[in-house]
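Student: Here you go, entry-v6.pdb (PDB, C-alpha atoms and all ligand atoms):
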```pdb
ATOM      1  CA  MET A   1      88.658 112.566 101.612
ATOM      2  CA  THR A   2      92.237 113.736 101.160
ATOM      3  CA  ILE A   3      95.024 111.292 100.385
ATOM      4  CA  LEU A   4      98.151 112.142 102.349
ATOM      5  CA  ASP A   5     100.534 111.669  99.451
ATOM      6  CA  GLY A   6     103.845 110.583 100.929
ATOM      7  CA  LYS A   7     105.375 109.986  97.545
ATOM      8  CA  LYS A   8     104.816 113.568  96.426
ATOM      9  CA  THR A   9     105.684 115.085  99.816
ATOM     10  CA  SER A  10     108.902 113.079 100.030
ATOM     11  CA  ALA A  11     109.783 114.229  96.507
ATOM     12  CA  ASP A  12     109.259 117.860  97.648
ATOM     13  CA  ILE A  13     111.509 117.300 100.684
ATOM     14  CA  LYS A  14     114.160 115.583  98.569
ATOM     15  CA  ALA A  15     114.109 118.546  96.158
ATOM     16  CA  GLU A  16     114.624 120.912  99.126
ATOM     17  CA  ILE A  17     117.560 118.789 100.318
ATOM     18  CA  ALA A  18     119.076 118.574  96.814
ATOM     19  CA  GLU A  19     118.990 122.381  96.684
ATOM     20  CA  LYS A  20     120.900 122.568 100.010
ATOM     21  CA  VAL A  21     123.473 120.064  98.750
ATOM     22  CA  LYS A  22     124.009 122.193  95.642
ATOM     23  CA  GLU A  23     124.683 125.202  97.886
ATOM     24  CA  LEU A  24     127.140 123.200 100.006
ATOM     25  CA  LYS A  25     128.976 122.036  96.907
ATOM     26  CA  ALA A  26     129.061 125.573  95.460
ATOM     27  CA  GLN A  27     130.631 126.774  98.711
ATOM     28  CA  GLY A  28     133.258 124.028  98.498
ATOM     29  CA  LYS A  29     131.889 122.382 101.647
ATOM     30  CA  LYS A  30     131.713 118.674 102.400
ATOM     31  CA  THR A  31     128.898 116.643 100.838
ATOM     32  CA  PRO A  32     126.810 114.773 103.451
ATOM     33  CA  HIS A  33     127.726 111.078 103.530
ATOM     34  CA  LEU A  34     125.367 108.345 104.759
ATOM     35  CA  ALA A  35     126.437 104.757 105.356
ATOM     36  CA  ALA A  36     124.017 101.859 105.745
ATOM     37  CA  VAL A  37     124.885  98.508 107.284
ATOM     38  CA  ILE A  38     122.771  95.455 106.528
ATOM     39  CA  VAL A  39     123.403  92.037 108.027
ATOM     40  CA  GLY A  40     121.891  89.020 106.289
ATOM     41  CA  ASN A  41     119.630  88.408 103.327
ATOM     42  CA  ASP A  42     116.133  89.524 104.267
ATOM     43  CA  GLY A  43     114.465  90.553 101.006
ATOM     44  CA  ALA A  44     112.346  93.382 102.404
ATOM     45  CA  SER A  45     115.275  94.844 104.393
ATOM     46  CA  LYS A  46     117.460  94.741 101.297
ATOM     47  CA  THR A  47     114.783  96.601  99.338
ATOM     48  CA  TYR A  48     114.506  99.296 102.028
ATOM     49  CA  VAL A  49     118.265  99.785 102.322
ATOM     50  CA  GLY A  50     118.596  99.867  98.538
ATOM     51  CA  ALA A  51     115.946 102.605  98.410
ATOM     52  CA  LYS A  52     117.810 104.610 101.083
ATOM     53  CA  VAL A  53     121.092 104.434  99.149
ATOM     54  CA  LYS A  54     119.346 105.346  95.895
ATOM     55  CA  ALA A  55     117.712 108.344  97.589
ATOM     56  CA  CYS A  56     121.177 109.550  98.664
ATOM     57  CA  GLU A  57     122.322 109.537  95.055
ATOM     58  CA  LEU A  58     119.199 111.428  94.011
ATOM     59  CA  VAL A  59     119.849 114.358  96.376
ATOM     60  CA  GLY A  60     123.617 114.402  95.750
ATOM     61  CA  PHE A  61     124.786 112.815  99.012
ATOM     62  CA  ASP A  62     127.681 110.387  99.152
ATOM     63  CA  SER A  63     126.649 106.930 100.328
ATOM     64  CA  THR A  64     128.251 103.673 101.356
ATOM     65  CA  LEU A  65     126.416 100.358 101.536
ATOM     66  CA  ILE A  66     127.970  97.751 103.809
ATOM     67  CA  GLU A  67     126.497  94.285 103.282
ATOM     68  CA  LEU A  68     127.534  91.669 105.835
ATOM     69  CA  PRO A  69     126.665  87.954 105.744
ATOM     70  CA  THR A  70     124.109  86.424 108.149
ATOM     71  CA  GLU A  71     126.921  84.589 109.988
ATOM     72  CA  THR A  72     128.606  87.886 110.981
ATOM     73  CA  THR A  73     129.353  87.719 114.701
ATOM     74  CA  GLU A  74     128.318  90.391 117.146
ATOM     75  CA  ALA A  75     132.004  91.227 117.699
ATOM     76  CA  GLU A  76     132.559  91.662 113.961
ATOM     77  CA  LEU A  77     129.557  93.970 113.667
ATOM     78  CA  LEU A  78     130.701  95.993 116.694
ATOM     79  CA  ALA A  79     134.147  96.330 115.061
ATOM     80  CA  LYS A  80     132.508  97.647 111.887
ATOM     81  CA  ILE A  81     130.542 100.145 113.964
ATOM     82  CA  GLU A  82     133.700 101.330 115.702
ATOM     83  CA  GLU A  83     135.241 101.847 112.269
ATOM     84  CA  LEU A  84     132.250 103.949 111.146
ATOM     85  CA  ASN A  85     132.344 105.972 114.382
ATOM     86  CA  ASN A  86     136.006 106.810 113.711
ATOM     87  CA  ASN A  87     135.646 107.476 109.980
ATOM     88  CA  ASP A  88     135.541 111.254 109.505
ATOM     89  CA  ALA A  89     134.176 110.896 105.969
ATOM     90  CA  ILE A  90     130.908 109.401 107.306
ATOM     91  CA  ASP A  91     128.465 111.976 108.739
ATOM     92  CA  GLY A  92     125.761 109.520 109.711
ATOM     93  CA  TYR A  93     124.916 105.865 109.399
ATOM     94  CA  ILE A  94     122.206 103.337 110.078
ATOM     95  CA  VAL A  95     122.210  99.669 111.010
ATOM     96  CA  GLN A  96     119.176  98.162 109.342
ATOM     97  CA  LEU A  97     116.889  96.235 111.701
ATOM     98  CA  PRO A  98     116.006  93.499 112.419
ATOM     99  CA  LEU A  99     119.419  91.933 113.025
ATOM    100  CA  PRO A 100     119.996  88.155 113.024
ATOM    101  CA  LYS A 101     118.934  86.577 116.339
ATOM    102  CA  HIS A 102     122.487  85.853 117.556
ATOM    103  CA  ILE A 103     123.273  89.594 117.653
ATOM    104  CA  ASP A 104     122.134  91.728 120.612
ATOM    105  CA  GLU A 105     120.346  94.667 119.008
ATOM    106  CA  HIS A 106     120.535  96.855 122.101
ATOM    107  CA  LYS A 107     124.301  96.384 122.370
ATOM    108  CA  VAL A 108     124.692  97.342 118.718
ATOM    109  CA  LEU A 109     122.533 100.471 118.917
ATOM    110  CA  LEU A 110     124.374 101.561 122.054
ATOM    111  CA  ALA A 111     127.701 101.288 120.189
ATOM    112  CA  VAL A 112     126.645 103.764 117.494
ATOM    113  CA  ASP A 113     128.117 107.249 118.063
ATOM    114  CA  ALA A 114     125.021 109.258 119.047
ATOM    115  CA  THR A 115     126.182 112.170 116.860
ATOM    116  CA  LYS A 116     126.101 109.850 113.808
ATOM    117  CA  ASP A 117     122.872 108.068 114.802
ATOM    118  CA  VAL A 118     120.632 109.389 112.009
ATOM    119  CA  ASP A 119     117.999 106.734 112.837
ATOM    120  CA  GLY A 120     117.587 108.316 116.287
ATOM    121  CA  PHE A 121     117.682 104.865 117.943
ATOM    122  CA  HIS A 122     120.531 105.456 120.447
ATOM    123  CA  PRO A 123     119.254 105.723 124.052
ATOM    124  CA  THR A 124     120.827 109.190 124.295
ATOM    125  CA  ASN A 125     118.833 110.388 121.302
ATOM    126  CA  VAL A 126     115.620 108.700 122.486
ATOM    127  CA  GLY A 127     116.091 110.539 125.787
ATOM    128  CA  ARG A 128     116.762 113.822 124.016
ATOM    129  CA  MET A 129     113.600 113.336 121.961
ATOM    130  CA  ALA A 130     111.548 112.686 125.107
ATOM    131  CA  LEU A 131     113.023 115.835 126.687
ATOM    132  CA  GLU A 132     112.356 117.910 123.540
ATOM    133  CA  LEU A 133     116.065 118.648 123.065
ATOM    134  CA  PRO A 134     117.582 118.964 119.564
ATOM    135  CA  THR A 135     118.278 115.465 118.207
ATOM    136  CA  PHE A 136     117.718 113.079 115.316
ATOM    137  CA  LEU A 137     114.061 112.054 115.404
ATOM    138  CA  PRO A 138     113.400 108.462 114.313
ATOM    139  CA  ALA A 139     112.633 108.665 110.618
ATOM    140  CA  THR A 140     109.213 106.989 110.457
ATOM    141  CA  PRO A 141     107.499 108.975 113.251
ATOM    142  CA  TYR A 142     109.325 112.105 112.030
ATOM    143  CA  GLY A 143     107.904 111.458 108.553
ATOM    144  CA  VAL A 144     104.382 111.109 109.930
ATOM    145  CA  MET A 145     104.737 114.399 111.836
ATOM    146  CA  GLU A 146     105.989 116.128 108.685
ATOM    147  CA  LEU A 147     103.114 114.731 106.615
ATOM    148  CA  LEU A 148     100.517 115.868 109.183
ATOM    149  CA  GLU A 149     102.160 119.296 109.329
ATOM    150  CA  ARG A 150     102.458 119.838 105.573
ATOM    151  CA  TYR A 151      98.818 118.800 104.998
ATOM    152  CA  LYS A 152      97.742 120.984 107.961
ATOM    153  CA  VAL A 153      95.890 118.086 109.593
ATOM    154  CA  PRO A 154      94.490 119.447 112.883
ATOM    155  CA  THR A 155      96.097 117.647 115.846
ATOM    156  CA  SER A 156      95.853 120.100 118.774
ATOM    157  CA  GLY A 157      93.468 118.741 121.392
ATOM    158  CA  LYS A 158      92.553 115.768 119.192
ATOM    159  CA  ASN A 159      92.204 112.200 120.426
ATOM    160  CA  VAL A 160      94.930 110.064 118.904
ATOM    161  CA  VAL A 161      95.111 106.292 119.173
ATOM    162  CA  VAL A 162      98.478 104.782 118.273
ATOM    163  CA  ILE A 163      98.160 101.043 117.709
ATOM    164  CA  GLY A 164     101.540  99.447 118.374
ATOM    165  CA  ARG A 165     104.226 100.200 120.966
ATOM    166  CA  SER A 166     107.416  99.360 119.058
ATOM    167  CA  HIS A 167     110.563 101.275 119.904
ATOM    168  CA  ILE A 168     110.979 102.522 116.356
ATOM    169  CA  VAL A 169     107.411 103.598 115.539
ATOM    170  CA  GLY A 170     104.573 103.352 118.078
ATOM    171  CA  ARG A 171     106.384 104.569 121.180
ATOM    172  CA  PRO A 172     108.160 107.585 119.610
ATOM    173  CA  MET A 173     104.999 108.432 117.650
ATOM    174  CA  SER A 174     103.024 108.654 120.891
ATOM    175  CA  ILE A 175     105.701 110.818 122.521
ATOM    176  CA  LEU A 176     105.951 113.263 119.610
ATOM    177  CA  MET A 177     102.203 113.721 119.151
ATOM    178  CA  SER A 178     101.733 114.463 122.854
ATOM    179  CA  GLN A 179     104.439 117.148 122.805
ATOM    180  CA  LYS A 180     103.927 120.874 122.371
ATOM    181  CA  ARG A 181     105.077 121.073 118.745
ATOM    182  CA  ALA A 182     103.831 121.180 115.153
ATOM    183  CA  ALA A 183     101.478 118.199 114.611
ATOM    184  CA  GLY A 184     101.502 117.691 118.387
ATOM    185  CA  ASP A 185      99.407 118.877 121.335
ATOM    186  CA  ALA A 186      97.229 115.788 120.978
ATOM    187  CA  THR A 187      95.793 113.515 123.667
ATOM    188  CA  VAL A 188      97.408 110.178 122.951
ATOM    189  CA  THR A 189      96.441 106.616 123.817
ATOM    190  CA  VAL A 190      98.867 103.789 123.053
ATOM    191  CA  ALA A 191      97.065 100.541 122.240
ATOM    192  CA  HIS A 192      98.776  97.168 121.832
ATOM    193  CA  SER A 193      98.169  93.431 121.813
ATOM    194  CA  ARG A 194      96.928  93.415 125.443
ATOM    195  CA  THR A 195      94.520  96.339 125.001
ATOM    196  CA  ALA A 196      90.937  95.522 126.006
ATOM    197  CA  ASN A 197      88.103  96.751 123.774
ATOM    198  CA  LEU A 198      90.286  98.313 121.121
ATOM    199  CA  LYS A 199      87.261  99.108 118.965
ATOM    200  CA  GLU A 200      85.811 101.303 121.725
ATOM    201  CA  LEU A 201      89.006 103.365 121.617
ATOM    202  CA  THR A 202      89.328 103.554 117.843
ATOM    203  CA  LEU A 203      85.680 104.585 117.426
ATOM    204  CA  LYS A 204      86.393 107.661 119.575
ATOM    205  CA  ALA A 205      89.689 108.526 117.866
ATOM    206  CA  ASP A 206      90.127 111.611 115.682
ATOM    207  CA  ILE A 207      93.447 110.266 114.427
ATOM    208  CA  ILE A 208      94.565 106.629 114.303
ATOM    209  CA  VAL A 209      98.179 105.640 113.685
ATOM    210  CA  VAL A 210      98.370 101.940 112.881
ATOM    211  CA  ALA A 211     101.817 100.426 113.339
ATOM    212  CA  LEU A 212     101.160  96.833 114.161
ATOM    213  CA  GLY A 213     102.408  94.822 111.199
ATOM    214  CA  VAL A 214      99.149  92.924 110.683
ATOM    215  CA  ALA A 215      97.849  93.276 107.123
ATOM    216  CA  GLU A 216      94.471  95.037 106.788
ATOM    217  CA  PHE A 217      93.856  94.923 110.557
ATOM    218  CA  LEU A 218      91.890  98.185 110.896
ATOM    219  CA  THR A 219      88.501  97.922 109.201
ATOM    220  CA  GLY A 220      85.764 100.448 108.435
ATOM    221  CA  ASP A 221      83.521  99.364 111.340
ATOM    222  CA  MET A 222      86.305 100.361 113.792
ATOM    223  CA  VAL A 223      86.489 104.069 112.832
ATOM    224  CA  LYS A 224      84.250 107.113 112.998
ATOM    225  CA  GLU A 225      83.346 109.487 110.170
ATOM    226  CA  GLY A 226      85.961 112.186 109.573
ATOM    227  CA  VAL A 227      88.857 110.214 111.082
ATOM    228  CA  THR A 228      92.468 110.725 109.999
ATOM    229  CA  ILE A 229      94.285 107.474 109.272
ATOM    230  CA  ILE A 230      98.044 106.963 109.245
ATOM    231  CA  ASP A 231      98.985 103.495 108.010
ATOM    232  CA  VAL A 232     102.551 102.560 108.917
ATOM    233  CA  GLY A 233     102.209  98.864 108.119
ATOM    234  CA  ILE A 234     103.683  97.235 105.066
ATOM    235  CA  THR A 235     103.350  93.491 104.589
ATOM    236  CA  ARG A 236     104.124  91.411 101.532
ATOM    237  CA  LEU A 237     101.125  89.215 100.723
ATOM    238  CA  ASP A 238     101.491  86.372  98.220
ATOM    239  CA  ASP A 239      99.730  87.219  94.982
ATOM    240  CA  PRO A 240     100.496  84.947  92.025
ATOM    241  CA  SER A 241      98.803  87.429  89.681
ATOM    242  CA  LYS A 242     101.621  89.938  90.303
ATOM    243  CA  LYS A 243     104.876  89.915  88.364
ATOM    244  CA  ASN A 244     107.022  89.607  91.523
ATOM    245  CA  GLY A 245     104.579  87.198  93.190
ATOM    246  CA  PHE A 246     103.413  89.524  95.976
ATOM    247  CA  ARG A 247     101.450  92.668  96.698
ATOM    248  CA  LEU A 248     102.021  95.197  99.454
ATOM    249  CA  ALA A 249      99.315  95.579 102.097
ATOM    250  CA  GLY A 250      99.091  98.128 104.873
ATOM    251  CA  ASP A 251      97.678  97.609 108.379
ATOM    252  CA  VAL A 252      94.501  99.340 107.208
ATOM    253  CA  HIS A 253      91.717  97.808 105.131
ATOM    254  CA  PHE A 254      91.727 100.755 102.755
ATOM    255  CA  GLU A 255      88.480  99.991 100.888
ATOM    256  CA  SER A 256      86.312 100.032 104.011
ATOM    257  CA  VAL A 257      88.161 102.745 105.964
ATOM    258  CA  ALA A 258      88.879 105.352 103.255
ATOM    259  CA  PRO A 259      85.204 106.275 102.606
ATOM    260  CA  LYS A 260      84.877 107.361 106.270
ATOM    261  CA  ALA A 261      88.211 109.199 106.468
ATOM    262  CA  ALA A 262      88.971 112.927 106.179
ATOM    263  CA  PHE A 263      92.668 112.170 105.575
ATOM    264  CA  ILE A 264      94.336 108.821 104.879
ATOM    265  CA  THR A 265      97.781 107.581 103.854
ATOM    266  CA  PRO A 266      97.920 104.965 101.092
ATOM    267  CA  VAL A 267     100.178 101.878 101.063
ATOM    268  CA  PRO A 268     102.429 102.019  99.182
ATOM    269  CA  GLY A 269     103.139 105.721  98.683
ATOM    270  CA  GLY A 270     102.247 107.028 102.145
ATOM    271  CA  VAL A 271     104.483 106.745 105.175
ATOM    272  CA  GLY A 272     107.204 104.618 103.501
ATOM    273  CA  PRO A 273     108.651 107.306 101.209
ATOM    274  CA  MET A 274     108.474 109.830 104.085
ATOM    275  CA  THR A 275     110.750 107.615 106.188
ATOM    276  CA  ILE A 276     113.447 107.859 103.545
ATOM    277  CA  ALA A 277     113.055 111.620 103.114
ATOM    278  CA  MET A 278     113.440 112.178 106.878
ATOM    279  CA  LEU A 279     116.507 109.941 107.028
ATOM    280  CA  LEU A 280     118.054 112.233 104.409
ATOM    281  CA  LYS A 281     117.020 115.269 106.459
ATOM    282  CA  ASN A 282     118.721 113.783 109.512
ATOM    283  CA  THR A 283     121.853 113.074 107.475
ATOM    284  CA  LEU A 284     121.939 116.677 106.261
ATOM    285  CA  LEU A 285     121.675 117.794 109.903
ATOM    286  CA  ALA A 286     124.438 115.361 110.928
ATOM    287  CA  GLY A 287     126.692 116.896 108.276
ATOM    288  CA  GLU A 288     125.863 120.430 109.448
ATOM    289  CA  ASN A 289     126.524 119.470 113.072
ATOM    290  CA  ARG A 290     129.924 118.034 112.171
ATOM    291  CA  ALA A 291     131.010 120.949 109.960
TER     292      ALA A 291
HETATM  293  N1  LIG A 301     113.773  98.552 110.104
HETATM  294  C1  LIG A 301     112.520  98.994 109.905
HETATM  295  N2  LIG A 301     112.496 100.333 109.912
HETATM  296  C2  LIG A 301     113.762 100.748 110.107
HETATM  297  C3  LIG A 301     114.372 102.037 110.212
HETATM  298  O1  LIG A 301     113.730 103.092 110.131
HETATM  299  N3  LIG A 301     115.716 102.035 110.407
HETATM  300  C4  LIG A 301     116.445 100.898 110.512
HETATM  301  N4  LIG A 301     117.744 100.997 110.720
HETATM  302  N5  LIG A 301     115.904  99.694 110.437
HETATM  303  C5  LIG A 301     114.565  99.630 110.233
END
```
Output the structure of this file as structure tokens.
Ligand code: GUN
Tutor:
Amino acid sequence: MTILDGKKTSADIKAEIAEKVKELKAQGKKTPHLAAVIVGNDGASKTYVGAKVKACELVGFDSTLIELPTETTEAELLAKIEELNNNDAIDGYIVQLPLPKHIDEHKVLLAVDATKDVDGFHPTNVGRMALELPTFLPATPYGVMELLERYKVPTSGKNVVVIGRSHIVGRPMSILMSQKRAAGDATVTVAHSRTANLKELTLKADIIVVALGVAEFLTGDMVKEGVTIIDVGITRLDDPSKKNGFRLAGDVHFESVAPKAAFITPVPGGVGPMTIAMLLKNTLLAGENRA
């Protein structure tokens, strides 16, 4: 069994990016600049955004964190987005999701300048991805593809089951893995909450991507020997024995699944760090595109 080490792989990618930034600086060129907007006080979201900003510092990017209160109106957020669109110093930016319920997420994502949309969430960029045109790939699926590619996990002709059809993970994951590309050429099934006989599907799968948000959902009895497991889930479970009062659980019951797996991502230290590395890669590309 091989652990797909996202922490190490993301560190490798960040080192590659830091090297590029050094070259840019030596040539007197502009340093890539990422901005992140967060609305409200969700603890997990704040942690993720904090990690993204910290990663920028690590590779030598400029970064701007914009923290807005929960009561921010949709109009105020749209005005902030317009400001970021028009700010030449900013190469790319993200609006951390989820947004408070009174804000229309679709309206917000549509307002982001597609050339600065380093999350790859704008409908234009989703369309470009589906058409295999150059674009910003959404960071989490992009990170999974990169991990599969760097570990040379065979995907061509393999049966892949993606559990979850979210716009930011499951759906793009299924599109990318079915495409003719590195870590692609697979036969993909998208399973979700209405899927009948999920276990029948997962038992036949060569690769399972679990992006459901239900802690320890996939158990050992649901997978075949030699399966590759990609665990995108990350849930905080109360655990009074821990210093911060919680532990992180993936969507995979690691203890029962890992012994049957050929390759498996851990949680934490699997897909999560890859997401951040690919966001940086997209920001580097945004800077290059604008130069
Ligand atoms: N919320 C969960 N994942 C993501 C992500 O990749 N980008 C943004 N903006 N919000 C998220």
Student: Around stretch 173-189 of chain A, fit a box with edges along x, y and z, padding it by 3 Å on each side, then list its centre and edge lengths in Å to one decimal as AutoDock Vina command-line options.
Tutor:
```
--center_x 100.9 --center_y 113.9 --center_z 119.2 --size_x 16.2 --size_y 20.6 --size_z 15.2
```
Student: Evaluate the PyMOL selection byres (((chain A and resi 261) around 9) and not hetatm) against this structure - the residues, as a list in words, please.
Tutor: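 Against this file, the PyMOL selection byres (((chain A and resi 261) around 9) and not hetatm) returns the residues Met1, Thr2, Val223, Lys224, Glu225, Gly226, Val227, Thr228, Ile229, Val257, Ala258, Pro259, Lys260, Ala262, Phe263 and Ile264 of chain A.
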Student: Of the candidates A:Glu82, A:Glu146, A:Asp119, A:Asp238, which one gets nearest to ligand LIG 301 (chain A) if we count all atoms listed in the file?
Tutor: A:Asp119
Student: Could you pull out the residues sitting within 10 Å of ligand LIG 301 (chain A), using all atoms listed in the file, and write them as a ChimeraX atom specification?
Tutor: /A:36-38,44-45,48-49,52,93-99,109,117-121,138-141,168-169,272,275-276,278-279
Student: Find the distance between atom CA of A:Ser174 and atom CA of A:Ala51 and write it in Å to one decimal.
Tutor: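 So the two atoms, atom CA of A:Ser174 and atom CA of A:Ala51, lie 26.6 Å apart.
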Student: Compile the contact shell of stretch 64-77 of chain A as a list in words: residues with an atom at most 8 Å away, counting only C-alpha atoms, same-chain residues fewer than 5 positions apart removed.
Tutor: His33, Leu34, Ala35, Ala36, Val37, Ile38, Val39, Gly40, Asn41, Val53, Pro100, His102, Ile103, Asp104 and Val108 of chain A
Student: Counting all atoms listed in the file, which residues have an atom no more than 10 Å from (129.5, 102.2, 118.4) in the file's coordinates? Please list them as a list in words.
Tutor: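 Neighbouring residues, ordered by chain and number, come to Leu77, Leu78, Ala79, Lys80, Ile81, Glu82, Glu83, Leu84, Asn85, Asn86, Lys107, Val108, Leu109, Leu110, Ala111, Val112, Asp113, Ala114, Lys116, Asp117 and His122 of chain A.
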Student: Could you pull the residues within 12 Å of A:Leu198, counting all atoms listed in the file, minus those fewer than 4 positions along the same chain, as a list in words?
Tutor: Val161, Val162, Ile163, Gly164, Thr189, Val190, Ala191, His192, Ser193, Arg194, Thr202, Leu203, Lys204, Ala205, Ile208, Phe217, Leu218, Asp221, Met222 and Val223 of chain A
Student: Starting from the shown file, work through the PyMOL selection byres (((chain A and resi 153-160) around 7) and not hetatm) and note down what comes out as an mmCIF file with C-alpha atoms, in the coordinates of the input.
Tutor:
```cif
data_model
loop_
_atom_site.group_PDB
_atom_site.id
_atom_site.type_symbol
_atom_site.label_atom_id
_atom_site.label_comp_id
_atom_site.auth_asym_id
_atom_site.auth_seq_id
_atom_site.Cartn_x
_atom_site.Cartn_y
_atom_site.Cartn_z
ATOM 1 C CA LEU A 148 100.517 115.868 109.183
ATOM 2 C CA GLU A 149 102.160 119.296 109.329
ATOM 3 C CA TYR A 151 98.818 118.800 104.998
ATOM 4 C CA LYS A 152 97.742 120.984 107.961
ATOM 5 C CA VAL A 161 95.111 106.292 119.173
ATOM 6 C CA VAL A 162 98.478 104.782 118.273
ATOM 7 C CA ALA A 183 101.478 118.199 114.611
ATOM 8 C CA GLY A 184 101.502 117.691 118.387
ATOM 9 C CA ASP A 185 99.407 118.877 121.335
ATOM 10 C CA ALA A 186 97.229 115.788 120.978
ATOM 11 C CA THR A 187 95.793 113.515 123.667
ATOM 12 C CA VAL A 188 97.408 110.178 122.951
ATOM 13 C CA THR A 189 96.441 106.616 123.817
ATOM 14 C CA ALA A 205 89.689 108.526 117.866
ATOM 15 C CA ASP A 206 90.127 111.611 115.682
ATOM 16 C CA ILE A 207 93.447 110.266 114.427
ATOM 17 C CA ILE A 208 94.565 106.629 114.303
#
```
Student: Starting from the displayed file, determine the output of the PyMOL selection byres (((chain A and resi 62) around 8) and not hetatm) and express the residue list as an MDAnalysis selection string.
Tutor: chainID A and resid 31:34 56:57 60:61 63:64
Student: Could you please determine the separation between atom CA of A:Glu255 and atom CA of A:Pro172 in Å, to one decimal place?
Tutor: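 Computed distance, atom CA of A:Glu255 to atom CA of A:Pro172, equals 28.2 Å.
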Student: Scan for residues within 10 Å of the point (125.4, 120.8, 108.7) in the coordinates of the file, using all atoms listed in the file, and reply as a PyMOL selection string.
Tutor: chain A and resi 20+24+29-32+91+282-291
Student: May I ask for the distance between atom CA of A:Asp239 and atom CA of A:Gly170, given in Å to one decimal place?
Tutor: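 So the two atoms, atom CA of A:Asp239 and atom CA of A:Gly170, lie 28.6 Å apart.
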Student: Between A:Ala15, A:Ile3, A:Val59, A:Ile175, which has the minimum distance to A:Val271 (counting only C-alpha atoms)?
Tutor: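 Closest to A:Val271, using only C-alpha atoms: A:Ile3.
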Student: Dump C-alpha atoms of stretch 262-291 of chain A from the given block, as a PDB file, in the first residue's frame.
Tutor:
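Output saved as result_33.pdb:
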```pdb
ATOM      1  CA  ALA A 262      -2.943  -0.053  -3.524  1.00  0.00           C
ATOM      2  CA  PHE A 263      -2.873   3.745  -3.108  1.00  0.00           C
ATOM      3  CA  ILE A 264      -4.675   5.898  -0.539  1.00  0.00           C
ATOM      4  CA  THR A 265      -4.663   9.542   0.547  1.00  0.00           C
ATOM      5  CA  PRO A 266      -4.566  10.226   4.291  1.00  0.00           C
ATOM      6  CA  VAL A 267      -6.623  12.880   6.122  1.00  0.00           C
ATOM      7  CA  PRO A 268      -5.088  15.214   7.028  1.00  0.00           C
ATOM      8  CA  GLY A 269      -2.078  15.445   4.716  1.00  0.00           C
ATOM      9  CA  GLY A 270      -3.633  14.149   1.493  1.00  0.00           C
ATOM     10  CA  VAL A 271      -5.856  16.189  -0.777  1.00  0.00           C
ATOM     11  CA  GLY A 272      -6.052  19.283   1.486  1.00  0.00           C
ATOM     12  CA  PRO A 273      -2.463  20.503   1.037  1.00  0.00           C
ATOM     13  CA  MET A 274      -2.707  19.788  -2.718  1.00  0.00           C
ATOM     14  CA  THR A 275      -5.645  22.195  -3.001  1.00  0.00           C
ATOM     15  CA  ILE A 276      -3.480  25.008  -1.691  1.00  0.00           C
ATOM     16  CA  ALA A 277      -0.530  24.137  -3.933  1.00  0.00           C
ATOM     17  CA  MET A 278      -2.765  24.183  -7.036  1.00  0.00           C
ATOM     18  CA  LEU A 279      -4.305  27.510  -6.037  1.00  0.00           C
ATOM     19  CA  LEU A 280      -0.762  28.905  -5.996  1.00  0.00           C
ATOM     20  CA  LYS A 281      -0.104  27.329  -9.397  1.00  0.00           C
ATOM     21  CA  ASN A 282      -3.223  29.004 -10.773  1.00  0.00           C
ATOM     22  CA  THR A 283      -2.137  32.335  -9.294  1.00  0.00           C
ATOM     23  CA  LEU A 284       1.274  32.012 -10.942  1.00  0.00           C
ATOM     24  CA  LEU A 285      -0.510  31.349 -14.252  1.00  0.00           C
ATOM     25  CA  ALA A 286      -2.821  34.341 -13.692  1.00  0.00           C
ATOM     26  CA  GLY A 287       0.245  36.542 -13.205  1.00  0.00           C
ATOM     27  CA  GLU A 288       1.884  35.160 -16.361  1.00  0.00           C
ATOM     28  CA  ASN A 289      -1.315  35.696 -18.355  1.00  0.00           C
ATOM     29  CA  ARG A 290      -1.532  39.314 -17.215  1.00  0.00           C
ATOM     30  CA  ALA A 291       2.144  40.140 -17.826  1.00  0.00           C
TER      31      ALA A 291
END
```
